[in-house]
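**Q** Sharing target_4.cif below, mmCIF, C-alpha atoms:
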```
data_query
#
loop_
_atom_site.label_atom_id
_atom_site.label_comp_id
_atom_site.auth_asym_id
_atom_site.auth_seq_id
_atom_site.Cartn_x
_atom_site.Cartn_y
_atom_site.Cartn_z
CA MET E 1 -26.52 -21.88 -20.16
CA SER E 2 -26.83 -22.35 -16.41
CA VAL E 3 -25.68 -25.52 -14.70
CA SER E 4 -29.27 -26.56 -14.05
CA ASP E 5 -30.19 -26.04 -17.72
CA GLN E 6 -27.27 -28.26 -18.63
CA GLY E 7 -28.56 -30.90 -16.24
CA ALA E 8 -31.91 -30.87 -18.01
CA LYS E 9 -30.45 -31.14 -21.51
CA ARG E 10 -31.31 -34.68 -22.47
CA GLY E 11 -29.09 -36.51 -24.86
CA VAL E 12 -26.26 -34.08 -24.25
CA TYR E 13 -25.43 -34.62 -20.58
CA ARG E 14 -25.62 -37.89 -18.67
CA ARG E 15 -29.00 -37.89 -17.02
CA PHE E 16 -28.37 -39.76 -13.80
CA VAL E 17 -26.42 -38.19 -10.97
CA SER E 18 -22.97 -39.56 -10.21
CA TYR E 19 -22.98 -39.68 -6.44
CA ILE E 20 -19.38 -40.86 -6.44
CA ASP E 21 -18.34 -37.64 -8.20
CA ARG E 22 -20.70 -35.50 -6.15
CA THR E 23 -19.52 -36.73 -2.73
CA ARG E 24 -15.87 -36.59 -3.75
CA GLU E 25 -16.23 -32.93 -4.74
CA TYR E 26 -18.30 -32.13 -1.66
CA TYR E 27 -15.69 -33.52 0.76
CA ALA E 28 -12.81 -32.03 -1.25
CA ALA E 29 -14.49 -28.62 -0.76
CA GLN E 30 -14.33 -29.31 2.99
CA GLY E 31 -10.60 -29.95 2.73
CA TYR E 32 -10.69 -33.76 2.68
CA GLU E 33 -8.39 -34.40 -0.23
CA ARG E 34 -8.20 -38.17 -0.11
CA PRO E 35 -11.48 -39.30 -1.66
CA TYR E 36 -13.56 -42.16 -0.28
CA SER E 37 -12.84 -45.35 -2.18
CA TRP E 38 -16.20 -46.97 -2.97
CA ALA E 39 -16.52 -50.74 -3.13
CA GLN E 40 -15.65 -52.00 -6.61
CA PHE E 41 -15.72 -55.55 -7.93
CA ASP E 42 -15.34 -56.96 -11.43
CA ASP E 43 -17.51 -59.98 -10.73
CA ALA E 44 -20.94 -60.22 -9.11
CA PRO E 45 -22.35 -63.38 -7.49
CA PHE E 46 -25.69 -64.59 -8.81
CA THR E 47 -28.22 -67.04 -7.34
CA PRO E 48 -31.08 -68.03 -9.65
CA LEU E 49 -34.51 -68.09 -8.03
CA PRO E 50 -35.03 -71.55 -6.50
CA GLY E 51 -38.61 -71.69 -7.86
CA PRO E 52 -41.51 -69.49 -8.85
CA LEU E 53 -41.78 -66.32 -6.78
CA SER E 54 -45.31 -67.34 -5.83
CA GLU E 55 -43.78 -70.11 -3.71
CA LEU E 56 -40.89 -68.16 -2.19
CA ARG E 57 -40.43 -66.23 1.03
CA VAL E 58 -39.26 -62.63 0.67
CA ALA E 59 -37.38 -60.43 3.15
CA LEU E 60 -36.87 -56.66 3.15
CA VAL E 61 -33.67 -54.90 4.22
CA THR E 62 -33.34 -51.17 4.91
CA THR E 63 -30.59 -48.72 5.85
CA ALA E 64 -32.94 -46.76 8.16
CA SER E 65 -32.86 -47.09 11.97
CA PRO E 66 -35.58 -47.45 14.57
CA VAL E 67 -36.82 -44.20 16.11
CA GLY E 68 -35.61 -43.58 19.65
CA LYS E 69 -32.30 -45.47 19.44
CA GLN E 70 -30.11 -42.59 18.32
CA THR E 71 -26.94 -41.42 19.97
CA ALA E 72 -25.23 -38.03 19.59
CA SER E 73 -21.87 -38.03 17.84
CA ASP E 74 -19.92 -34.96 16.74
CA GLY E 75 -22.96 -32.80 17.41
CA VAL E 76 -25.43 -34.83 15.31
CA LEU E 77 -27.82 -37.64 16.14
CA ARG E 78 -26.93 -40.99 14.61
CA GLY E 79 -28.83 -44.24 14.28
CA GLY E 80 -27.66 -47.46 15.89
CA LYS E 81 -24.50 -49.15 14.65
CA GLU E 82 -25.88 -52.66 14.87
CA VAL E 83 -28.02 -54.82 12.62
CA TRP E 84 -31.63 -54.71 13.86
CA SER E 85 -34.96 -56.27 12.93
CA GLY E 86 -38.62 -55.32 13.15
CA SER E 87 -41.93 -57.10 12.68
CA THR E 88 -43.59 -57.00 9.26
CA ASP E 89 -46.95 -57.71 10.95
CA ASP E 90 -46.72 -54.34 12.62
CA PRO E 91 -44.96 -52.01 10.13
CA PRO E 92 -43.28 -48.94 11.68
CA GLU E 93 -45.07 -45.64 11.12
CA ALA E 94 -41.73 -43.81 11.09
CA LEU E 95 -38.03 -44.61 10.94
CA PHE E 96 -34.97 -42.53 11.77
CA THR E 97 -33.15 -41.42 8.62
CA ASP E 98 -31.66 -38.03 9.53
CA ASP E 99 -28.12 -39.41 9.61
CA LEU E 100 -28.34 -40.95 6.14
CA ALA E 101 -27.25 -39.26 2.93
CA TRP E 102 -30.57 -38.67 1.17
CA ASP E 103 -31.66 -35.53 -0.67
CA LYS E 104 -33.02 -33.36 2.12
CA GLU E 105 -33.71 -30.45 -0.24
CA ALA E 106 -35.74 -32.35 -2.81
CA THR E 107 -37.78 -34.77 -0.71
CA HIS E 108 -38.57 -36.23 2.73
CA THR E 109 -38.82 -39.68 4.32
CA ASP E 110 -42.08 -39.25 6.24
CA ASP E 111 -43.75 -42.04 4.25
CA VAL E 112 -41.96 -45.26 5.24
CA GLU E 113 -43.48 -47.10 2.26
CA SER E 114 -41.44 -44.87 -0.07
CA PHE E 115 -38.28 -46.69 1.06
CA LEU E 116 -39.47 -49.76 3.01
CA PRO E 117 -42.55 -51.15 1.22
CA ILE E 118 -43.75 -53.65 3.83
CA ARG E 119 -47.43 -53.04 3.11
CA LYS E 120 -46.97 -53.35 -0.66
CA LEU E 121 -45.19 -56.67 -0.25
CA SER E 122 -47.88 -57.89 2.17
CA ASP E 123 -50.44 -57.07 -0.52
CA PHE E 124 -48.41 -59.03 -3.09
CA ALA E 125 -48.25 -61.97 -0.66
CA GLU E 126 -52.01 -61.82 -0.14
CA ALA E 127 -52.54 -61.73 -3.91
CA GLY E 128 -50.29 -64.78 -4.35
CA ARG E 129 -47.61 -62.98 -6.36
CA ILE E 130 -45.02 -63.96 -3.74
CA GLY E 131 -45.21 -66.98 -1.45
CA SER E 132 -44.95 -64.99 1.77
CA LEU E 133 -43.35 -61.99 3.38
CA ALA E 134 -40.83 -62.95 6.07
CA PRO E 135 -42.00 -62.19 9.63
CA ARG E 136 -39.13 -59.75 10.13
CA PHE E 137 -37.54 -56.98 8.10
CA HIS E 138 -33.91 -56.08 8.82
CA GLY E 139 -31.91 -52.90 9.20
CA VAL E 140 -28.24 -52.61 8.34
CA PRO E 141 -26.13 -49.59 9.37
CA THR E 142 -24.42 -47.59 6.64
CA ASP E 143 -20.81 -47.93 7.70
CA TYR E 144 -17.81 -45.99 6.44
CA SER E 145 -15.86 -49.22 6.95
CA GLN E 146 -16.54 -51.72 4.18
CA ARG E 147 -14.67 -54.32 6.22
CA ARG E 148 -17.20 -53.97 9.03
CA THR E 149 -20.11 -54.39 6.61
CA ILE E 150 -18.51 -57.44 4.95
CA GLU E 151 -17.28 -59.18 8.10
CA LEU E 152 -20.00 -58.35 10.64
CA ASP E 153 -23.20 -56.91 9.24
CA ALA E 154 -23.65 -58.92 6.04
CA PRO E 155 -23.17 -62.29 7.81
CA GLU E 156 -25.63 -61.20 10.50
CA ILE E 157 -28.27 -60.29 7.89
CA LEU E 158 -27.66 -63.68 6.24
CA ARG E 159 -28.03 -65.46 9.59
CA ARG E 160 -31.35 -63.72 10.30
CA CYS E 161 -32.65 -64.40 6.78
CA ARG E 162 -31.80 -68.10 7.16
CA GLU E 163 -33.47 -68.20 10.56
CA ASP E 164 -36.65 -66.93 8.88
CA GLY E 165 -36.43 -69.37 5.96
CA VAL E 166 -35.97 -66.57 3.42
CA ASP E 167 -35.40 -67.36 -0.29
CA VAL E 168 -35.27 -63.85 -1.71
CA ALA E 169 -34.31 -60.43 -0.34
CA LEU E 170 -35.24 -56.93 -1.49
CA LEU E 171 -32.62 -54.47 -0.30
CA VAL E 172 -33.48 -50.80 -0.34
CA PRO E 173 -30.74 -48.28 0.50
CA LEU E 174 -32.04 -44.75 0.97
CA MET U 1 -26.09 -52.19 1.12
CA SER U 2 -24.70 -53.59 -2.15
CA LEU U 3 -22.09 -55.45 -0.12
CA VAL U 4 -24.87 -57.12 1.88
CA ALA U 5 -26.68 -58.06 -1.35
CA ARG U 6 -23.49 -59.65 -2.68
CA HIS U 7 -23.02 -61.63 0.53
CA LEU U 8 -26.59 -62.97 0.46
CA GLU U 9 -26.27 -63.79 -3.22
CA ALA U 10 -22.98 -65.67 -2.68
CA ASN U 11 -24.73 -67.71 0.02
CA GLY U 12 -27.77 -68.83 -1.93
CA ILE U 13 -30.30 -66.05 -1.32
CA ALA U 14 -31.43 -64.27 -4.49
CA THR U 15 -31.53 -60.48 -4.18
CA ILE U 16 -32.57 -57.27 -5.81
CA VAL U 17 -31.43 -53.80 -4.82
CA ILE U 18 -33.94 -50.98 -5.35
CA GLY U 19 -32.01 -47.72 -5.31
CA SER U 20 -31.34 -44.27 -6.71
CA ALA U 21 -27.52 -44.07 -6.54
CA ARG U 22 -26.90 -45.90 -9.78
CA ASP U 23 -23.15 -45.40 -10.00
CA ILE U 24 -22.51 -46.57 -6.43
CA VAL U 25 -24.53 -49.78 -6.84
CA GLU U 26 -23.16 -50.59 -10.29
CA GLU U 27 -19.57 -49.85 -9.29
CA CYS U 28 -19.93 -52.40 -6.49
CA GLY U 29 -21.72 -54.90 -8.72
CA VAL U 30 -24.90 -56.69 -7.64
CA ALA U 31 -26.97 -59.47 -9.14
CA ARG U 32 -30.12 -57.44 -9.88
CA PHE U 33 -30.74 -53.71 -9.59
CA LEU U 34 -33.92 -51.72 -10.08
CA PHE U 35 -32.90 -48.11 -10.64
CA SER U 36 -35.29 -45.32 -9.59
CA ASP U 37 -34.03 -42.06 -11.10
CA PHE U 38 -35.32 -40.12 -8.10
CA PRO U 39 -33.66 -37.98 -5.44
CA LEU U 40 -32.02 -40.18 -2.81
CA GLY U 41 -34.60 -41.10 -0.16
CA ASN U 42 -37.62 -42.62 -1.95
CA PRO U 43 -36.42 -45.40 -4.27
CA CYS U 44 -39.76 -47.23 -3.87
CA GLY U 45 -41.82 -44.31 -5.13
CA ARG U 46 -42.85 -40.76 -4.30
CA PRO U 47 -44.10 -40.32 -0.71
CA TYR U 48 -47.83 -40.96 -0.33
CA GLU U 49 -48.24 -42.24 -3.88
CA PRO U 50 -49.20 -45.86 -3.17
CA ASP U 51 -50.05 -46.71 -6.78
CA MET U 52 -46.58 -45.73 -7.97
CA GLN U 53 -45.02 -47.56 -5.03
CA ARG U 54 -46.97 -50.71 -5.86
CA GLU U 55 -45.82 -50.53 -9.47
CA ILE U 56 -42.18 -50.08 -8.50
CA VAL U 57 -42.24 -53.04 -6.11
CA GLY U 58 -43.97 -55.00 -8.89
CA TYR U 59 -41.14 -54.14 -11.29
CA ALA U 60 -38.65 -55.38 -8.69
CA LEU U 61 -40.51 -58.71 -8.53
CA ASP U 62 -40.49 -58.88 -12.36
CA VAL U 63 -36.73 -58.36 -12.43
CA LEU U 64 -36.28 -61.02 -9.74
CA SER U 65 -38.26 -63.51 -11.83
CA ASN U 66 -36.69 -62.67 -15.19
CA ALA U 67 -33.02 -61.80 -14.70
CA THR U 68 -30.68 -64.53 -15.88
CA LEU U 69 -27.31 -62.80 -15.43
CA PRO U 70 -25.64 -60.77 -12.68
CA ARG U 71 -25.38 -56.97 -13.04
CA THR U 72 -28.88 -56.81 -14.49
CA THR U 73 -30.04 -53.20 -14.19
CA VAL U 74 -33.59 -52.16 -15.05
CA GLN U 75 -34.77 -48.55 -14.77
CA THR U 76 -38.32 -47.69 -13.70
CA PRO U 77 -40.30 -45.55 -16.18
CA PHE U 78 -41.00 -42.84 -13.60
CA VAL U 79 -39.47 -39.37 -13.58
CA TRP U 80 -39.40 -37.21 -10.45
CA SER U 81 -40.38 -33.94 -12.08
CA GLU U 82 -40.76 -32.36 -15.52
CA ASP U 83 -37.25 -30.97 -15.47
CA ASP U 84 -34.11 -32.45 -13.99
CA SER U 85 -33.15 -29.41 -11.92
CA TRP U 86 -33.29 -31.43 -8.67
CA LYS U 87 -30.23 -33.31 -9.90
CA GLN U 88 -28.10 -30.22 -9.37
CA GLY U 89 -29.04 -29.80 -5.71
CA TYR U 90 -27.54 -32.74 -3.80
CA ALA U 91 -24.13 -31.97 -2.22
CA ARG U 92 -23.77 -29.01 -4.54
CA VAL U 93 -20.51 -27.09 -4.45
CA ASP U 94 -20.69 -23.62 -5.97
CA ALA U 95 -19.19 -20.19 -5.35
CA GLU U 96 -21.78 -19.54 -2.68
CA SER U 97 -21.28 -22.76 -0.70
CA ALA U 98 -17.52 -23.28 -1.20
CA GLU U 99 -16.39 -20.95 1.59
CA LYS U 100 -19.02 -22.29 3.98
CA LEU U 101 -17.92 -25.88 3.28
CA ARG U 102 -14.25 -25.03 3.73
CA LYS U 103 -14.99 -23.52 7.15
CA ALA U 104 -17.23 -26.45 8.13
CA GLY U 105 -14.41 -28.88 7.29
CA GLU U 106 -11.91 -26.88 9.34
CA ALA U 107 -14.28 -26.70 12.31
CA ARG U 108 -14.91 -30.44 12.14
CA ARG U 109 -11.21 -31.28 12.07
CA ALA U 110 -10.61 -28.95 15.01
CA ARG U 111 -13.37 -30.68 17.01
CA GLN U 112 -11.94 -34.08 16.16
CA ALA U 113 -8.40 -33.03 17.12
CA LYS U 114 -9.71 -31.76 20.46
CA ALA U 115 -11.60 -35.00 21.11
CA ARG U 116 -8.56 -37.14 20.31
CA PRO U 117 -6.75 -38.37 23.42
CA THR U 118 -3.27 -36.89 23.87
CA ASP U 119 -0.22 -38.84 25.01
#
```
If you convert what's in this file into structure tokens, what do you get?
**A**
Amino acid sequence: MSVSDQGAKRGVYRRFVSYIDRTREYYAAQGYERPYSWAQFDDAPFTPLPGPLSELRVALVTTASPVGKQTASDGVLRGGKEVWSGSTDDPPEALFTDDLAWDKEATHTDDVESFLPIRKLSDFAEAGRIGSLAPRFHGVPTDYSQRRTIELDAPEILRRCREDGVDVALLVPL
Amino acid sequence: MSLVARHLEANGIATIVIGSARDIVEECGVARFLFSDFPLGNPCGRPYEPDMQREIVGYALDVLSNATLPRTTVQTPFVWSEDDSWKQGYARVDAESAEKLRKAGEARRARQAKARPTD
């Protein structure tokens, strides 16, 4: 049985991909023997919704970057390293994702709504399912350093969400 | 991204992560997670399929409204394709790619060593 047949064998092999295993093996094959240590916590904070969703303001957060802000590093273009925001009234037609680890063989990111559904949430706001969509969406860089994300980027996203009076956030990593 | 969700959640903003890397999100631990068993890149639905995208965002809103405990994971009912062969493709290491990857790693380390300032 080939590896891909094994992957398709339901009820025998785990069906979802372990990206922790996959990236560890991929970098080990490149000679990086010390594997990346992914964030791991036993507890998880939880905030109940402060009211019905139809009365709440919702924000969107992406890992993509704005087009035209890339810099070259080690021979490849990379998105900005700072938190950024864009207007939800004027959704971007394209975002820069080349530097992110998505499946470039199986799919593409030409349709922004497939990973940043601003228009879908606007429709839900119009239909009254959510109170409103926040005026800005936010972008957060994917950083190798968890410390940088925890100490700089996450507080900045929180600050911007508070500034916009946000109650609820949908976060969509590519 | 899960770290950002945790920070918002700890500071009074309710969150949901919509994603396709289930193990990475669950290892970190978030309040609510909608899992799309799709290739990384389109967690909110296949490109140019607005009906599916609308349904997936709708599921996320359902989970937001209904979850009562942290680490709530809900999986969308959608499958990417009839077979799961795409799951073997991402970052695949096999006999064919192993030598290429080894050389790429060596070249990268050499570039980095060259770029490093010397005393």
**Q** Pick out the residues sitting within 10 Å of Gly165 of chain E, and hand them over as a list in words; count all atoms listed in the file, and ignore anything fewer than 4 positions along from it in its own chain.
**A** Leu56, Arg57, Val58, Ala59, Ala134, Pro135, Arg159, Arg160 and Cys161 of chain E
**Q** Residues of chain U within 6 Å of chain E, counting all atoms listed in the file, what are they? List them as a PyMOL selection string.
**A** chain U and resi 4+8-10+12-19+23+27-31+39-45+47+54+70+83-85+90-91+101-102+105
**Q** Any chance you can output those residues with C-alpha atoms as a compact mmCIF listing (two decimals), in the coordinates of the input?
**A**
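Final output, saved to result.txt:
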```txt
# COMPACT_ATOMS: atom_id res chain seq x y z
CA VAL U 4 -24.87 -57.12 1.88
CA LEU U 8 -26.59 -62.97 0.46
CA GLU U 9 -26.27 -63.79 -3.22
CA ALA U 10 -22.98 -65.67 -2.68
CA GLY U 12 -27.77 -68.83 -1.93
CA ILE U 13 -30.30 -66.05 -1.32
CA ALA U 14 -31.43 -64.27 -4.49
CA THR U 15 -31.53 -60.48 -4.18
CA ILE U 16 -32.57 -57.27 -5.81
CA VAL U 17 -31.43 -53.80 -4.82
CA ILE U 18 -33.94 -50.98 -5.35
CA GLY U 19 -32.01 -47.72 -5.31
CA ASP U 23 -23.15 -45.40 -10.00
CA GLU U 27 -19.57 -49.85 -9.29
CA CYS U 28 -19.93 -52.40 -6.49
CA GLY U 29 -21.72 -54.90 -8.72
CA VAL U 30 -24.90 -56.69 -7.64
CA ALA U 31 -26.97 -59.47 -9.14
CA PRO U 39 -33.66 -37.98 -5.44
CA LEU U 40 -32.02 -40.18 -2.81
CA GLY U 41 -34.60 -41.10 -0.16
CA ASN U 42 -37.62 -42.62 -1.95
CA PRO U 43 -36.42 -45.40 -4.27
CA CYS U 44 -39.76 -47.23 -3.87
CA GLY U 45 -41.82 -44.31 -5.13
CA PRO U 47 -44.10 -40.32 -0.71
CA ARG U 54 -46.97 -50.71 -5.86
CA PRO U 70 -25.64 -60.77 -12.68
CA ASP U 83 -37.25 -30.97 -15.47
CA ASP U 84 -34.11 -32.45 -13.99
CA SER U 85 -33.15 -29.41 -11.92
CA TYR U 90 -27.54 -32.74 -3.80
CA ALA U 91 -24.13 -31.97 -2.22
CA LEU U 101 -17.92 -25.88 3.28
CA ARG U 102 -14.25 -25.03 3.73
CA GLY U 105 -14.41 -28.88 7.29
```
**Q** If you count all atoms listed in the file, which residues fall within 8 Å of Gly79 of chain E, apart from same-chain ones fewer than 5 positions away, as a PyMOL selection string?
**A** chain E and resi 64-66+69-71+96-97+99+141
**Q** Between atom CA of Ala21 of chain U and atom CA of Pro77 of chain U, what is the distance in Å, rounded to a tenth?
**A** 16.1 Å
**Q** When you count all atoms listed in the file, which of these residues is closest to Ser36 of chain U: U:Phe78, U:Ala60, U:Ser2, U:Glu55?
**A**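 Checking each of U:Phe78, U:Ala60, U:Ser2, U:Glu55 against Ser36 of chain U, counting all atoms listed in the file, the winner is U:Phe78.
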**Q** Could you extract segment 100-115 of chain E of the given structure into a file holding N, CA and C atoms, as a tab-separated table (two decimals), in the first residue's frame?
**A**
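Writing the result to decode.tsv gives the following:
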```
chain	number	residue	atom	x	y	z
E	100	LEU	N	4.15	32.76	3.95
E	100	LEU	CA	3.50	31.96	4.99
E	100	LEU	C	3.48	30.49	4.59
E	101	ALA	N	3.37	29.64	5.61
E	101	ALA	CA	3.45	28.19	5.38
E	101	ALA	C	2.07	27.62	5.07
E	102	TRP	N	1.57	27.88	3.84
E	102	TRP	CA	0.33	27.22	3.43
E	102	TRP	C	0.66	26.24	2.32
E	103	ASP	N	-0.31	25.44	1.93
E	103	ASP	CA	-0.04	24.32	1.01
E	103	ASP	C	-0.04	24.80	-0.44
E	104	LYS	N	1.14	25.16	-0.90
E	104	LYS	CA	1.25	25.77	-2.24
E	104	LYS	C	1.07	24.75	-3.36
E	105	GLU	N	1.08	23.47	-3.04
E	105	GLU	CA	0.82	22.46	-4.08
E	105	GLU	C	-0.68	22.23	-4.25
E	106	ALA	N	-1.40	22.26	-3.14
E	106	ALA	CA	-2.81	21.85	-3.19
E	106	ALA	C	-3.76	22.99	-3.49
E	107	THR	N	-3.36	24.24	-3.18
E	107	THR	CA	-4.34	25.32	-3.30
E	107	THR	C	-3.66	26.66	-3.63
E	108	HIS	N	-4.40	27.74	-3.52
E	108	HIS	CA	-3.85	29.08	-3.75
E	108	HIS	C	-4.60	30.04	-2.81
E	109	THR	N	-4.12	31.29	-2.75
E	109	THR	CA	-4.74	32.27	-1.85
E	109	THR	C	-5.22	33.49	-2.64
E	110	ASP	N	-5.61	33.26	-3.90
E	110	ASP	CA	-6.05	34.38	-4.75
E	110	ASP	C	-7.39	34.96	-4.30
E	111	ASP	N	-8.20	34.14	-3.64
E	111	ASP	CA	-9.49	34.62	-3.15
E	111	ASP	C	-9.37	34.97	-1.66
E	112	VAL	N	-9.27	36.26	-1.37
E	112	VAL	CA	-9.05	36.71	0.01
E	112	VAL	C	-10.14	36.20	0.95
E	113	GLU	N	-11.36	36.08	0.45
E	113	GLU	CA	-12.47	35.62	1.31
E	113	GLU	C	-12.26	34.19	1.82
E	114	SER	N	-11.38	33.44	1.17
E	114	SER	CA	-11.14	32.06	1.62
E	114	SER	C	-10.31	32.02	2.91
E	115	PHE	N	-9.74	33.17	3.29
E	115	PHE	CA	-8.99	33.20	4.56
E	115	PHE	C	-9.23	34.49	5.36
```
